[in-house]
file my_file-v8.txt (compact mmCIF, C-alpha atoms)
# COMPACT_ATOMS: atom_id res chain seq x y z
CA MET A 1 -59.45 -119.96 46.94
CA LYS A 2 -56.28 -121.65 48.17
CA PHE A 3 -53.05 -120.34 46.77
CA SER A 4 -50.09 -122.69 46.76
CA TRP A 5 -46.53 -122.22 45.56
CA PHE A 6 -43.76 -124.00 47.44
CA PRO A 7 -41.04 -125.13 44.99
CA GLY A 8 -38.58 -127.85 45.87
CA HIS A 9 -35.72 -125.42 46.53
CA MET A 10 -37.85 -123.74 49.23
CA LYS A 11 -38.46 -127.05 51.00
CA LYS A 12 -34.73 -127.76 50.84
CA ALA A 13 -33.90 -124.27 52.13
CA LEU A 14 -36.31 -124.62 55.04
CA ARG A 15 -34.62 -127.86 56.01
CA GLN A 16 -31.16 -126.26 55.72
CA ILE A 17 -32.25 -123.29 57.82
CA ASN A 18 -33.17 -125.65 60.63
CA GLU A 19 -29.81 -127.40 60.29
CA HIS A 20 -27.80 -124.16 60.44
CA LEU A 21 -29.69 -122.26 63.15
CA SER A 22 -27.18 -123.27 65.83
CA LEU A 23 -24.56 -121.16 63.98
CA ILE A 24 -26.76 -118.05 63.92
CA ASP A 25 -26.80 -115.27 66.53
CA ALA A 26 -29.77 -113.31 65.20
CA VAL A 27 -32.20 -113.15 62.28
CA ILE A 28 -33.23 -110.33 59.96
CA PHE A 29 -36.73 -110.66 58.51
CA ILE A 30 -37.23 -108.58 55.36
CA LEU A 31 -40.83 -107.45 54.86
CA ASP A 32 -42.34 -105.59 51.93
CA ALA A 33 -43.55 -102.26 53.33
CA ARG A 34 -46.62 -102.45 51.10
CA ILE A 35 -47.75 -105.77 52.59
CA PRO A 36 -46.16 -106.22 56.05
CA LYS A 37 -48.69 -108.85 57.12
CA SER A 38 -48.68 -111.02 54.00
CA SER A 39 -44.89 -110.81 53.63
CA PHE A 40 -44.38 -112.00 57.20
CA ASN A 41 -44.14 -115.78 57.51
CA PRO A 42 -45.02 -116.79 61.10
CA GLU A 43 -43.62 -120.26 60.46
CA LEU A 44 -40.13 -118.77 60.18
CA GLU A 45 -40.58 -116.94 63.47
CA LYS A 46 -41.49 -120.25 65.12
CA ILE A 47 -38.35 -121.85 63.70
CA ILE A 48 -35.92 -119.27 65.15
CA GLY A 49 -37.36 -119.59 68.65
CA LYS A 50 -35.81 -117.15 71.12
CA LYS A 51 -33.06 -115.85 68.83
CA LYS A 52 -32.93 -112.07 68.46
CA ALA A 53 -34.83 -110.76 65.47
CA LEU A 54 -34.86 -107.56 63.45
CA TYR A 55 -37.80 -106.77 61.17
CA VAL A 56 -36.92 -104.60 58.18
CA MET A 57 -39.74 -103.01 56.21
CA ASN A 58 -38.21 -102.57 52.76
CA LYS A 59 -39.39 -100.68 49.67
CA THR A 60 -40.79 -97.77 51.69
CA ASP A 61 -40.48 -95.59 48.57
CA LEU A 62 -43.32 -97.65 47.05
CA ALA A 63 -45.58 -97.57 50.14
CA SER A 64 -47.70 -94.88 51.75
CA PRO A 65 -45.50 -92.98 54.27
CA ALA A 66 -48.42 -92.56 56.69
CA VAL A 67 -49.29 -96.27 56.62
CA THR A 68 -45.63 -97.25 57.00
CA ALA A 69 -45.39 -95.00 60.06
CA ALA A 70 -48.47 -96.72 61.52
CA TRP A 71 -46.91 -100.14 60.98
CA LEU A 72 -43.67 -99.01 62.61
CA LYS A 73 -45.61 -97.79 65.62
CA LYS A 74 -47.43 -101.10 65.91
CA PHE A 75 -44.21 -103.13 65.72
CA LYS A 76 -42.49 -100.93 68.31
CA ASN A 77 -45.53 -101.12 70.60
CA ASN A 78 -45.04 -104.89 70.50
CA ASP A 79 -41.38 -104.44 71.58
CA MET A 80 -40.02 -105.59 68.23
CA ASN A 81 -36.74 -104.38 66.68
CA VAL A 82 -37.89 -102.73 63.46
CA ALA A 83 -36.51 -100.43 60.77
CA ALA A 84 -38.02 -99.02 57.59
CA VAL A 85 -35.79 -98.58 54.54
CA SER A 86 -35.73 -98.30 50.79
CA SER A 87 -33.02 -100.63 49.53
CA LYS A 88 -32.86 -98.65 46.28
CA LYS A 89 -31.89 -95.52 48.21
CA THR A 90 -30.03 -94.75 51.43
CA GLN A 91 -33.13 -93.84 53.43
CA ASN A 92 -32.89 -94.78 57.11
CA PHE A 93 -30.02 -97.23 56.70
CA LYS A 94 -28.27 -95.49 59.59
CA GLU A 95 -31.12 -96.58 61.87
CA LEU A 96 -30.84 -100.15 60.57
CA ILE A 97 -27.09 -100.22 61.17
CA LYS A 98 -27.56 -98.77 64.67
CA ILE A 99 -29.99 -101.53 65.59
CA LEU A 100 -27.57 -104.15 64.23
CA GLU A 101 -24.77 -102.66 66.32
CA ASN A 102 -26.96 -102.86 69.44
CA ILE A 103 -27.76 -106.48 68.67
CA ARG A 104 -24.06 -107.21 68.14
CA GLU A 105 -23.22 -105.72 71.55
CA GLU A 106 -25.93 -107.78 73.25
CA VAL A 107 -24.78 -110.96 71.51
CA TYR A 108 -21.14 -110.31 72.38
CA GLU A 109 -22.08 -109.71 76.01
CA THR A 110 -23.88 -113.05 76.07
CA LYS A 111 -20.90 -114.79 74.46
CA THR A 112 -18.52 -113.22 76.99
CA LYS A 113 -20.60 -114.55 79.89
CA LYS A 114 -20.23 -118.00 78.34
CA ASN A 115 -16.43 -117.49 78.03
CA ARG A 116 -16.62 -117.32 74.22
CA THR A 117 -14.11 -114.96 72.61
CA ASP A 118 -15.69 -114.92 69.14
CA LYS A 119 -16.72 -111.33 68.35
CA THR A 120 -18.28 -112.06 64.95
CA LEU A 121 -22.02 -111.44 64.65
CA ARG A 122 -23.59 -114.10 62.45
CA LEU A 123 -26.93 -113.18 60.97
CA MET A 124 -29.43 -115.01 58.81
CA VAL A 125 -31.54 -112.95 56.39
CA MET A 126 -35.01 -114.29 55.60
CA GLY A 127 -37.95 -113.04 53.59
CA ILE A 128 -40.43 -113.85 50.87
CA PRO A 129 -39.20 -113.86 47.25
CA ASN A 130 -38.51 -110.44 45.73
CA SER A 131 -38.58 -108.69 49.11
CA GLY A 132 -35.24 -107.03 48.39
CA LYS A 133 -33.08 -109.21 50.64
CA SER A 134 -30.11 -109.24 48.29
CA THR A 135 -30.18 -105.49 47.69
CA ILE A 136 -30.24 -104.79 51.43
CA ILE A 137 -27.29 -107.14 51.98
CA ASN A 138 -25.36 -105.31 49.25
CA ARG A 139 -26.18 -101.98 50.91
CA LEU A 140 -24.91 -103.22 54.25
CA ALA A 141 -21.75 -104.57 52.63
CA GLY A 142 -21.15 -101.37 50.69
CA LYS A 143 -20.60 -103.42 47.54
CA ASN A 144 -22.35 -106.01 45.37
CA VAL A 145 -21.88 -109.35 47.08
CA VAL A 146 -25.23 -110.85 46.02
CA MET A 147 -26.93 -111.02 42.62
CA THR A 148 -30.09 -108.90 42.46
CA GLY A 149 -33.00 -108.60 40.04
CA LYS A 150 -36.73 -107.99 39.66
CA LYS A 151 -37.59 -111.66 39.30
CA ALA A 152 -38.53 -113.66 42.39
CA GLY A 153 -36.38 -116.60 43.46
CA LEU A 154 -32.87 -115.56 42.42
CA THR A 155 -31.34 -116.96 45.62
CA LYS A 156 -31.64 -120.76 45.43
CA GLY A 157 -29.60 -121.97 48.41
CA LEU A 158 -27.99 -120.84 51.66
CA GLN A 159 -24.79 -118.84 51.23
CA TRP A 160 -22.41 -117.19 53.72
CA LEU A 161 -21.39 -113.60 52.96
CA SER A 162 -18.82 -111.46 54.76
CA ILE A 163 -20.27 -107.98 55.29
CA SER A 164 -17.51 -106.52 57.46
CA ARG A 165 -14.69 -107.63 59.70
CA ASP A 166 -17.09 -108.70 62.45
CA ILE A 167 -20.41 -109.34 60.68
CA GLU A 168 -21.26 -112.37 58.55
CA ILE A 169 -24.61 -112.98 56.91
CA MET A 170 -26.22 -116.20 55.75
CA ASP A 171 -28.52 -115.33 52.86
CA ALA A 172 -31.48 -117.71 52.64
CA PRO A 173 -33.73 -118.12 49.58
CA GLY A 174 -37.08 -116.36 49.63
CA ILE A 175 -39.50 -118.69 51.39
CA PHE A 176 -43.23 -118.64 50.77
CA TYR A 177 -46.10 -120.01 52.81
CA PRO A 178 -46.88 -123.58 51.72
CA LYS A 179 -50.52 -122.45 51.42
CA LEU A 180 -52.46 -119.20 51.64
CA GLU A 181 -56.07 -119.41 52.71
CA THR A 182 -57.35 -116.04 51.45
CA GLU A 183 -57.48 -114.56 47.97
CA GLU A 184 -56.59 -111.18 49.42
CA ALA A 185 -53.21 -112.36 50.71
CA ALA A 186 -52.60 -114.17 47.41
CA TRP A 187 -53.17 -111.16 45.18
CA HIS A 188 -51.23 -108.90 47.54
CA LEU A 189 -48.20 -111.17 47.22
CA ALA A 190 -48.64 -111.43 43.46
CA ALA A 191 -49.09 -107.66 43.10
CA VAL A 192 -45.68 -106.92 44.62
CA GLY A 193 -43.97 -109.63 42.55
CA ALA A 194 -43.37 -112.14 45.33
CA ALA A 195 -44.93 -114.95 43.30
CA LYS A 196 -44.03 -115.91 39.77
CA GLU A 197 -46.44 -114.60 37.16
CA THR A 198 -47.54 -118.11 36.24
CA VAL A 199 -49.02 -118.64 39.71
CA PHE A 200 -51.72 -115.93 39.73
CA PRO A 201 -53.54 -115.17 36.43
CA ALA A 202 -52.45 -111.79 35.07
CA ASP A 203 -55.95 -110.65 34.14
CA GLU A 204 -57.30 -111.39 37.63
CA LEU A 205 -54.32 -109.69 39.26
CA ALA A 206 -54.65 -106.62 37.04
CA PHE A 207 -58.35 -106.40 37.93
CA HIS A 208 -57.59 -106.52 41.67
CA ILE A 209 -55.04 -103.74 41.23
CA LEU A 210 -57.44 -101.64 39.14
CA LYS A 211 -60.18 -102.02 41.71
CA PHE A 212 -57.84 -101.08 44.56
CA LEU A 213 -56.55 -98.00 42.70
CA SER A 214 -60.05 -96.97 41.63
CA GLU A 215 -61.19 -96.93 45.26
CA ARG A 216 -58.35 -94.49 45.94
CA ASN A 217 -59.10 -92.23 42.96
CA CYS A 218 -55.86 -93.00 41.15
CA GLY A 219 -55.69 -90.77 38.06
CA PHE A 220 -55.28 -93.63 35.59
CA CYS A 221 -58.31 -95.44 37.00
CA VAL A 222 -60.75 -92.53 36.82
CA ASP A 223 -63.82 -93.48 34.73
CA ILE A 224 -62.75 -97.14 34.49
CA PRO A 225 -65.63 -99.36 35.68
CA THR A 226 -64.60 -102.15 38.04
CA ASN A 227 -67.72 -104.31 38.02
CA ASN A 228 -65.96 -107.27 36.45
CA PRO A 229 -62.44 -108.10 35.15
CA GLU A 230 -63.22 -108.17 31.44
CA GLU A 231 -65.01 -104.82 31.46
CA ALA A 232 -62.30 -103.18 33.57
CA LEU A 233 -59.47 -104.39 31.34
CA HIS A 234 -61.44 -103.43 28.24
CA PHE A 235 -61.81 -99.81 29.32
CA ALA A 236 -58.22 -99.67 30.63
CA GLY A 237 -56.97 -100.97 27.27
CA LEU A 238 -59.00 -98.39 25.38
CA LYS A 239 -57.66 -95.66 27.64
CA LYS A 240 -54.07 -96.65 26.82
CA ASN A 241 -54.92 -97.35 23.17
CA PHE A 242 -53.69 -100.93 23.46
CA ILE A 243 -55.52 -102.08 20.36
CA LYS A 244 -54.74 -105.13 18.25
CA ALA A 245 -55.64 -105.74 14.62
CA LYS A 246 -59.32 -105.34 13.76
CA GLY A 247 -59.83 -103.00 16.71
CA ALA A 248 -59.78 -105.59 19.52
CA VAL A 249 -58.36 -104.57 22.91
CA ASP A 250 -55.04 -106.23 23.76
CA TYR A 251 -55.95 -107.62 27.18
CA GLU A 252 -52.57 -109.25 27.75
CA ARG A 253 -50.70 -106.02 27.10
CA THR A 254 -53.17 -104.08 29.24
CA ALA A 255 -52.80 -106.44 32.19
CA ALA A 256 -48.99 -106.36 31.90
CA TYR A 257 -49.04 -102.56 31.84
CA ILE A 258 -51.14 -102.34 35.01
CA ILE A 259 -49.10 -104.92 36.93
CA THR A 260 -45.69 -103.54 35.94
CA ASN A 261 -46.54 -99.92 36.63
CA PHE A 262 -48.09 -100.74 39.99
CA ARG A 263 -45.02 -102.71 41.06
CA GLU A 264 -42.70 -99.92 40.02
CA GLY A 265 -44.73 -97.25 41.79
CA ASN A 266 -45.65 -95.35 38.64
CA PHE A 267 -49.28 -94.99 39.79
CA GLY A 268 -48.11 -93.60 43.13
CA ALA A 269 -47.00 -94.93 46.51
CA PHE A 270 -49.68 -97.27 47.87
CA SER A 271 -49.85 -99.64 50.82
CA LEU A 272 -52.07 -102.68 50.35
CA GLU A 273 -52.31 -103.59 54.05
CA PHE A 274 -53.14 -101.47 57.06
CA PRO A 275 -52.32 -102.17 60.72
CA GLN A 276 -55.71 -101.15 62.08
CA LYS A 277 -57.26 -104.14 60.26
CA GLU A 278 -55.04 -106.52 62.22
CA GLU A 279 -55.72 -105.19 65.69
call {"tool": "encode", "arguments": {"input": "my_file-v8.txt", "output": "C-alpha cells"}}
result
Amino acid sequence: MKFSWFPGHMKKALRQINEHLSLIDAVIFILDARIPKSSFNPELEKIIGKKKALYVMNKTDLASPAVTAAWLKKFKNNDMNVAAVSSKKTQNFKELIKILENIREEVYETKTKKNRTDKTLRLMVMGIPNSGKSTIINRLAGKNVVMTGKKAGLTKGLQWLSISRDIEIMDAPGIFYPKLETEEAAWHLAAVGAAKETVFPADELAFHILKFLSERNCGFCVDIPTNNPEEALHFAGLKKNFIKAKGAVDYERTAAYIITNFREGNFGAFSLEFPQKEE
C-alpha cells in the first residue's frame, strides 16, 4: 500500500523553505513522541544541510514515558540536540530553552568571527501536520502568537514571529512525505491526526488501533476479537452500545470513538514506535 498526501500548499512551502534557508541560523524539528520515526522527514534534514538542528519530541503526555526515554537516549547517543516536552503543559520546557540558549551562543560566536554584529537568533520550525508546532511556539513566546487547533494543516504559509528581543521564528506549514511505502507508517501518522481523516479510511484506522491496544491488554479492548475489521468494530460497537435503529451497530460512530479517544490519550499513554526496531 502506498500512502500519498502532498497538497499544493506543502509543495509551495517546501519551495519557500529552500528560498529562505539563507536567512535561518538553526532549525527546530517537531516530532510526535508517539511516532518519532514516522514523524521525522529525512528530506527536510537533507534540505537544511549543516545548519544546527534541535529535535523536539512533543506530546510526551500521550506517549509511554519508558519508550520516550529510550528514544531520547538513542538521539543523544547519535550526538543530536533533543528535548522532550508536552506543549499542553510546562514539562521540560526549561531544558528546551536551555538548548536554544546554547545554540544562540554558538551562532553568535560564529557571527562574531565573521564580523557580524547581529545578535538575533533566527529559527525555522518544521514538522508534520498536527505535531504541535504552533503550540510550542506560543509556549516559547509566552503568549498566543500562532493559531492552534486539533485539525492538521492550520499553518498554510511561512510566517515570521518575534518570540523575544533576540529570537525570531519562521513557522513553516506541516510538511508530509510525498509518499509513504509502508502501511504501518501510514496508519501511525493517521492515528495521531497528522493526516486528514479523508486520507485513511476510518474503519481501517480504528481496526489498526484496536489491534494495537488489544495486544497491550487495554481495558476497553479486552474480549474484542481482532481477526478482521468488521468483526472488531462490531464487538466494539456493542460494548459501547452504539446501536442504530433496528439493532444495527453504528460502525461510523464506533470508529470515530476509537480514533478520537486514542488521539486524546483516553485509553492510556501509548507509543506506536520503538527505537530498538530501528537499530
call {"tool": "residues_around", "arguments": {"input": "my_file-v8.txt", "residues": "Thr68 of chain A", "least_positions_apart": "2", "cutoff": "9 Å", "atoms": "only C-alpha atoms", "output": "list in words"}}
result
Ala33, Arg34, Met57, Thr60, Ala63, Ser64, Pro65, Ala66, Ala70, Trp71, Leu72, Lys73, Ala84, Ser271 and Phe274 of chain A
call {"tool": "closest_residue", "arguments": {"input": "my_file-v8.txt", "among": "A:Gln159, A:Thr110, A:Asn58, A:Ser134", "to": "Ala83 of chain A", "atoms": "only C-alpha atoms"}}
result
A:Asn58
call {"tool": "residues_around", "arguments": {"input": "my_file-v8.txt", "residues": "Asn261 of chain A", "least_positions_apart": "5", "cutoff": "12 Å", "atoms": "only C-alpha atoms", "output": "PyMOL selection string"}}
result
chain A and resi 62+191-193+206+209-210+213+220+254-256+266-270
call {"tool": "atom_distance", "arguments": {"input": "my_file-v8.txt", "atom1": "atom CA of Lys37 of chain A", "atom2": "atom CA of Glu273 of chain A"}}
result
7.1 Å
call {"tool": "closest_residue", "arguments": {"input": "my_file-v8.txt", "among": "A:Leu121, A:Phe262, A:His188, A:Ser39", "to": "Glu109 of chain A", "atoms": "all atoms listed in the file"}}
result
A:Leu121
call {"tool": "atom_distance", "arguments": {"input": "my_file-v8.txt", "atom1": "atom CA of Lys88 of chain A", "atom2": "atom CA of Leu54 of chain A"}}
result
19.4 Å
call {"tool": "closest_residue", "arguments": {"input": "my_file-v8.txt", "among": "A:Ile97, A:Val125, A:Ala202, A:Leu272", "to": "Glu230 of chain A", "atoms": "only C-alpha atoms"}}
result
A:Ala202
call {"tool": "build_atoms", "arguments": {"input": "my_file-v8.txt", "residues": "segment 261-275 of chain A", "atoms": "N, CA, C and O atoms", "output": "tab-separated table (two decimals), in the coordinates of the input"}}
result
chain	number	residue	atom	x	y	z
A	261	ASN	N	-46.57	-101.29	36.14
A	261	ASN	CA	-46.54	-99.92	36.63
A	261	ASN	C	-46.93	-99.82	38.10
A	261	ASN	O	-46.45	-98.93	38.81
A	262	PHE	N	-47.78	-100.73	38.56
A	262	PHE	CA	-48.09	-100.74	39.99
A	262	PHE	C	-46.86	-101.15	40.79
A	262	PHE	O	-46.50	-100.53	41.78
A	263	ARG	N	-46.20	-102.23	40.33
A	263	ARG	CA	-45.02	-102.71	41.06
A	263	ARG	C	-43.91	-101.68	41.11
A	263	ARG	O	-43.17	-101.60	42.10
A	264	GLU	N	-43.78	-100.90	40.08
A	264	GLU	CA	-42.70	-99.92	40.02
A	264	GLU	C	-43.08	-98.57	40.63
A	264	GLU	O	-42.27	-97.66	40.65
A	265	GLY	N	-44.31	-98.47	41.12
A	265	GLY	CA	-44.73	-97.25	41.79
A	265	GLY	C	-45.11	-96.11	40.86
A	265	GLY	O	-45.21	-94.96	41.31
A	266	ASN	N	-45.34	-96.41	39.60
A	266	ASN	CA	-45.65	-95.35	38.64
A	266	ASN	C	-47.06	-94.78	38.80
A	266	ASN	O	-47.36	-93.70	38.28
A	267	PHE	N	-47.94	-95.51	39.51
A	267	PHE	CA	-49.28	-94.99	39.79
A	267	PHE	C	-49.30	-94.20	41.10
A	267	PHE	O	-50.31	-93.60	41.45
A	268	GLY	N	-48.19	-94.26	41.83
A	268	GLY	CA	-48.11	-93.60	43.13
A	268	GLY	C	-47.65	-94.59	44.19
A	268	GLY	O	-47.47	-95.78	43.93
A	269	ALA	N	-47.43	-94.09	45.39
A	269	ALA	CA	-47.00	-94.93	46.51
A	269	ALA	C	-48.23	-95.41	47.28
A	269	ALA	O	-48.93	-94.61	47.91
A	270	PHE	N	-48.49	-96.70	47.23
A	270	PHE	CA	-49.68	-97.27	47.87
A	270	PHE	C	-49.31	-98.44	48.77
A	270	PHE	O	-48.49	-99.27	48.42
A	271	SER	N	-49.95	-98.49	49.93
A	271	SER	CA	-49.85	-99.64	50.82
A	271	SER	C	-51.11	-100.48	50.64
A	271	SER	O	-52.22	-99.94	50.61
A	272	LEU	N	-50.94	-101.78	50.54
A	272	LEU	CA	-52.07	-102.68	50.35
A	272	LEU	C	-52.65	-103.18	51.68
A	272	LEU	O	-53.78	-103.66	51.71
A	273	GLU	N	-51.86	-103.08	52.75
A	273	GLU	CA	-52.31	-103.59	54.05
A	273	GLU	C	-52.14	-102.53	55.12
A	273	GLU	O	-51.17	-101.76	55.11
A	274	PHE	N	-53.08	-102.53	56.06
A	274	PHE	CA	-53.14	-101.47	57.06
A	274	PHE	C	-53.18	-102.07	58.46
A	274	PHE	O	-53.96	-103.01	58.70
A	275	PRO	N	-52.41	-101.54	59.39
A	275	PRO	CA	-52.32	-102.17	60.72
A	275	PRO	C	-53.61	-102.18	61.50
A	275	PRO	O	-53.87	-103.10	62.26
